[in-house]
Amino acid sequence: MGCFHYFFFALVLFNFRSQAVTFGPKYTRIGDVYISTFGNTFYCDKIQCPAATTYDCLVFKEINPENPATTLRSNICRFLNGRRPQKLAQMKVLPKDKMQLYIRAKPNGEVKVLS
């Protein structure tokens with residue numbers, strides 16, 4: 001693992017002190033968000049997309065402005081061929097914490113935490 005990977009890992013741990021973070025070959029877990037590629041399937045948190053034609057995946061967890069006791073969670077896969085994005089309808093769940101989370105991931109294992 002290169003210096004950049006250690007720096008990135010330390011940065012993620014610093015930003016998510018109370019969240020469990022796990023990295024592996026094409027597998028990432030940040031809190032209760034799971035991202036992985038297995039065979040031809042790219043698993044983006046709660047949705048599955050074809051790995052060969054998926055450009056990236058966006059995961060949003062935000063506090064619901066209408067009811068702060070719940071979290072809105074959205075998953076979107078964007079495709080290489082210009083096909084319309086696949087989106088999972090927003091889900092309202094009781095949060096374990098009051099943290100907002102924005103993640104961009106690619107089928108090759110690249111993950112960026114945007115929050």
# chains A, B, ... in the order shown; residues from 1 in each chain; ligands from 1
$ residues_around --residues "Pro107 in chain A" --least-positions-apart "3" --cutoff "12 Å" --atoms "only C-alpha atoms" --output "number ranges by chain"
A: 25-28, 35-44, 48-58, 77-80, 104, 110-111
$ closest_residue --among "A:Arg73, A:Gln100, A:Asn64, A:Leu114" --to "Lys87 in chain A" --atoms "only C-alpha atoms"
A:Arg73
$ closest_residue --among "A:Val59, A:Ser74, A:Asp32, A:Arg83" --to "Lys106 in chain A" --atoms "only C-alpha atoms"
A:Val59
$ decode --residues "range 27-42 of chain A" --atoms "all heavy atoms" --output "PDB file, in the first residue's frame"
ATOM      1  N   TYR A  27     -13.787  -3.453  -2.775  1.00  0.00           N
ATOM      2  CA  TYR A  27     -14.817  -3.525  -1.737  1.00  0.00           C
ATOM      3  C   TYR A  27     -14.572  -2.386  -0.754  1.00  0.00           C
ATOM      4  O   TYR A  27     -13.460  -2.189  -0.291  1.00  0.00           O
ATOM      5  CB  TYR A  27     -14.730  -4.851  -0.988  1.00  0.00           C
ATOM      6  CG  TYR A  27     -15.577  -4.906   0.256  1.00  0.00           C
ATOM      7  CD1 TYR A  27     -16.914  -5.238   0.174  1.00  0.00           C
ATOM      8  CD2 TYR A  27     -15.043  -4.598   1.498  1.00  0.00           C
ATOM      9  CE1 TYR A  27     -17.706  -5.278   1.324  1.00  0.00           C
ATOM     10  CE2 TYR A  27     -15.826  -4.638   2.644  1.00  0.00           C
ATOM     11  CZ  TYR A  27     -17.148  -4.977   2.541  1.00  0.00           C
ATOM     12  OH  TYR A  27     -17.922  -5.011   3.665  1.00  0.00           O
ATOM     13  N   THR A  28     -15.610  -1.625  -0.468  1.00  0.00           N
ATOM     14  CA  THR A  28     -15.501  -0.533   0.494  1.00  0.00           C
ATOM     15  C   THR A  28     -16.744  -0.520   1.360  1.00  0.00           C
ATOM     16  O   THR A  28     -17.858  -0.700   0.863  1.00  0.00           O
ATOM     17  CB  THR A  28     -15.365   0.831  -0.224  1.00  0.00           C
ATOM     18  OG1 THR A  28     -14.232   0.795  -1.078  1.00  0.00           O
ATOM     19  CG2 THR A  28     -15.203   1.963   0.766  1.00  0.00           C
ATOM     20  N   ARG A  29     -16.539  -0.283   2.644  1.00  0.00           N
ATOM     21  CA  ARG A  29     -17.659  -0.114   3.567  1.00  0.00           C
ATOM     22  C   ARG A  29     -17.382   1.137   4.382  1.00  0.00           C
ATOM     23  O   ARG A  29     -16.335   1.276   4.995  1.00  0.00           O
ATOM     24  CB  ARG A  29     -17.791  -1.308   4.493  1.00  0.00           C
ATOM     25  CG  ARG A  29     -18.941  -1.151   5.492  1.00  0.00           C
ATOM     26  CD  ARG A  29     -19.135  -2.407   6.314  1.00  0.00           C
ATOM     27  NE  ARG A  29     -18.053  -2.619   7.246  1.00  0.00           N
ATOM     28  CZ  ARG A  29     -18.090  -2.249   8.526  1.00  0.00           C
ATOM     29  NH1 ARG A  29     -19.132  -1.645   9.016  1.00  0.00           N
ATOM     30  NH2 ARG A  29     -17.060  -2.493   9.306  1.00  0.00           N
ATOM     31  N   ILE A  30     -18.324   2.066   4.363  1.00  0.00           N
ATOM     32  CA  ILE A  30     -18.244   3.276   5.173  1.00  0.00           C
ATOM     33  C   ILE A  30     -19.547   3.337   5.957  1.00  0.00           C
ATOM     34  O   ILE A  30     -20.605   3.589   5.390  1.00  0.00           O
ATOM     35  CB  ILE A  30     -18.052   4.542   4.314  1.00  0.00           C
ATOM     36  CG1 ILE A  30     -16.783   4.420   3.473  1.00  0.00           C
ATOM     37  CG2 ILE A  30     -18.010   5.781   5.195  1.00  0.00           C
ATOM     38  CD1 ILE A  30     -16.578   5.541   2.485  1.00  0.00           C
ATOM     39  N   GLY A  31     -19.454   3.102   7.244  1.00  0.00           N
ATOM     40  CA  GLY A  31     -20.672   3.015   8.057  1.00  0.00           C
ATOM     41  C   GLY A  31     -21.511   1.859   7.564  1.00  0.00           C
ATOM     42  O   GLY A  31     -21.041   0.730   7.485  1.00  0.00           O
ATOM     43  N   ASP A  32     -22.741   2.133   7.151  1.00  0.00           N
ATOM     44  CA  ASP A  32     -23.611   1.071   6.638  1.00  0.00           C
ATOM     45  C   ASP A  32     -23.734   1.118   5.118  1.00  0.00           C
ATOM     46  O   ASP A  32     -24.630   0.524   4.543  1.00  0.00           O
ATOM     47  CB  ASP A  32     -24.981   1.138   7.297  1.00  0.00           C
ATOM     48  CG  ASP A  32     -25.728   2.425   6.979  1.00  0.00           C
ATOM     49  OD1 ASP A  32     -25.096   3.376   6.471  1.00  0.00           O
ATOM     50  OD2 ASP A  32     -26.936   2.486   7.239  1.00  0.00           O
ATOM     51  N   VAL A  33     -22.821   1.826   4.448  1.00  0.00           N
ATOM     52  CA  VAL A  33     -22.803   1.904   2.988  1.00  0.00           C
ATOM     53  C   VAL A  33     -21.775   0.910   2.462  1.00  0.00           C
ATOM     54  O   VAL A  33     -20.607   0.955   2.841  1.00  0.00           O
ATOM     55  CB  VAL A  33     -22.449   3.336   2.513  1.00  0.00           C
ATOM     56  CG1 VAL A  33     -22.312   3.382   1.005  1.00  0.00           C
ATOM     57  CG2 VAL A  33     -23.495   4.332   2.984  1.00  0.00           C
ATOM     58  N   TYR A  34     -22.217   0.006   1.587  1.00  0.00           N
ATOM     59  CA  TYR A  34     -21.350  -1.012   1.003  1.00  0.00           C
ATOM     60  C   TYR A  34     -21.231  -0.772  -0.499  1.00  0.00           C
ATOM     61  O   TYR A  34     -22.237  -0.607  -1.171  1.00  0.00           O
ATOM     62  CB  TYR A  34     -21.928  -2.411   1.227  1.00  0.00           C
ATOM     63  CG  TYR A  34     -21.991  -2.793   2.670  1.00  0.00           C
ATOM     64  CD1 TYR A  34     -23.099  -2.477   3.437  1.00  0.00           C
ATOM     65  CD2 TYR A  34     -20.929  -3.454   3.273  1.00  0.00           C
ATOM     66  CE1 TYR A  34     -23.164  -2.822   4.780  1.00  0.00           C
ATOM     67  CE2 TYR A  34     -20.978  -3.801   4.612  1.00  0.00           C
ATOM     68  CZ  TYR A  34     -22.104  -3.481   5.353  1.00  0.00           C
ATOM     69  OH  TYR A  34     -22.160  -3.814   6.680  1.00  0.00           O
ATOM     70  N   ILE A  35     -19.996  -0.805  -0.996  1.00  0.00           N
ATOM     71  CA  ILE A  35     -19.737  -0.634  -2.421  1.00  0.00           C
ATOM     72  C   ILE A  35     -18.758  -1.729  -2.834  1.00  0.00           C
ATOM     73  O   ILE A  35     -17.709  -1.893  -2.206  1.00  0.00           O
ATOM     74  CB  ILE A  35     -19.163   0.757  -2.720  1.00  0.00           C
ATOM     75  CG1 ILE A  35     -20.181   1.831  -2.318  1.00  0.00           C
ATOM     76  CG2 ILE A  35     -18.784   0.882  -4.187  1.00  0.00           C
ATOM     77  CD1 ILE A  35     -19.643   3.224  -2.293  1.00  0.00           C
ATOM     78  N   SER A  36     -19.100  -2.480  -3.883  1.00  0.00           N
ATOM     79  CA  SER A  36     -18.203  -3.536  -4.331  1.00  0.00           C
ATOM     80  C   SER A  36     -18.488  -3.895  -5.778  1.00  0.00           C
ATOM     81  O   SER A  36     -19.532  -3.557  -6.333  1.00  0.00           O
ATOM     82  CB  SER A  36     -18.333  -4.782  -3.457  1.00  0.00           C
ATOM     83  OG  SER A  36     -19.598  -5.364  -3.633  1.00  0.00           O
ATOM     84  N   THR A  37     -17.525  -4.581  -6.381  1.00  0.00           N
ATOM     85  CA  THR A  37     -17.686  -5.131  -7.726  1.00  0.00           C
ATOM     86  C   THR A  37     -17.404  -6.623  -7.638  1.00  0.00           C
ATOM     87  O   THR A  37     -16.378  -7.034  -7.101  1.00  0.00           O
ATOM     88  CB  THR A  37     -16.722  -4.468  -8.721  1.00  0.00           C
ATOM     89  OG1 THR A  37     -16.966  -3.063  -8.729  1.00  0.00           O
ATOM     90  CG2 THR A  37     -16.922  -5.007 -10.122  1.00  0.00           C
ATOM     91  N   PHE A  38     -18.329  -7.400  -8.150  1.00  0.00           N
ATOM     92  CA  PHE A  38     -18.162  -8.852  -8.162  1.00  0.00           C
ATOM     93  C   PHE A  38     -18.614  -9.341  -9.528  1.00  0.00           C
ATOM     94  O   PHE A  38     -19.783  -9.185  -9.885  1.00  0.00           O
ATOM     95  CB  PHE A  38     -18.985  -9.500  -7.050  1.00  0.00           C
ATOM     96  CG  PHE A  38     -18.785 -10.979  -6.956  1.00  0.00           C
ATOM     97  CD1 PHE A  38     -17.617 -11.505  -6.420  1.00  0.00           C
ATOM     98  CD2 PHE A  38     -19.742 -11.846  -7.430  1.00  0.00           C
ATOM     99  CE1 PHE A  38     -17.414 -12.866  -6.349  1.00  0.00           C
ATOM    100  CE2 PHE A  38     -19.561 -13.215  -7.366  1.00  0.00           C
ATOM    101  CZ  PHE A  38     -18.390 -13.724  -6.823  1.00  0.00           C
ATOM    102  N   GLY A  39     -17.688  -9.887 -10.286  1.00  0.00           N
ATOM    103  CA  GLY A  39     -18.021 -10.323 -11.639  1.00  0.00           C
ATOM    104  C   GLY A  39     -18.417  -9.132 -12.483  1.00  0.00           C
ATOM    105  O   GLY A  39     -17.706  -8.135 -12.542  1.00  0.00           O
ATOM    106  N   ASN A  40     -19.566  -9.225 -13.114  1.00  0.00           N
ATOM    107  CA  ASN A  40     -20.060  -8.135 -13.973  1.00  0.00           C
ATOM    108  C   ASN A  40     -21.038  -7.215 -13.257  1.00  0.00           C
ATOM    109  O   ASN A  40     -21.714  -6.425 -13.905  1.00  0.00           O
ATOM    110  CB  ASN A  40     -20.741  -8.721 -15.221  1.00  0.00           C
ATOM    111  CG  ASN A  40     -19.750  -9.395 -16.133  1.00  0.00           C
ATOM    112  OD1 ASN A  40     -18.607  -8.979 -16.227  1.00  0.00           O
ATOM    113  ND2 ASN A  40     -20.180 -10.451 -16.796  1.00  0.00           N
ATOM    114  N   THR A  41     -21.125  -7.320 -11.940  1.00  0.00           N
ATOM    115  CA  THR A  41     -22.095  -6.528 -11.189  1.00  0.00           C
ATOM    116  C   THR A  41     -21.386  -5.559 -10.259  1.00  0.00           C
ATOM    117  O   THR A  41     -20.486  -5.925  -9.518  1.00  0.00           O
ATOM    118  CB  THR A  41     -23.027  -7.433 -10.371  1.00  0.00           C
ATOM    119  OG1 THR A  41     -23.631  -8.378 -11.254  1.00  0.00           O
ATOM    120  CG2 THR A  41     -24.116  -6.630  -9.688  1.00  0.00           C
ATOM    121  N   PHE A  42     -21.799  -4.304 -10.323  1.00  0.00           N
ATOM    122  CA  PHE A  42     -21.300  -3.245  -9.456  1.00  0.00           C
ATOM    123  C   PHE A  42     -22.385  -2.994  -8.417  1.00  0.00           C
ATOM    124  O   PHE A  42     -23.491  -2.583  -8.749  1.00  0.00           O
ATOM    125  CB  PHE A  42     -21.012  -2.002 -10.287  1.00  0.00           C
ATOM    126  CG  PHE A  42     -20.532  -0.810  -9.509  1.00  0.00           C
ATOM    127  CD1 PHE A  42     -19.576  -0.929  -8.518  1.00  0.00           C
ATOM    128  CD2 PHE A  42     -21.018   0.450  -9.807  1.00  0.00           C
ATOM    129  CE1 PHE A  42     -19.124   0.188  -7.822  1.00  0.00           C
ATOM    130  CE2 PHE A  42     -20.568   1.564  -9.123  1.00  0.00           C
ATOM    131  CZ  PHE A  42     -19.621   1.430  -8.135  1.00  0.00           C
TER     132      PHE A  42
END
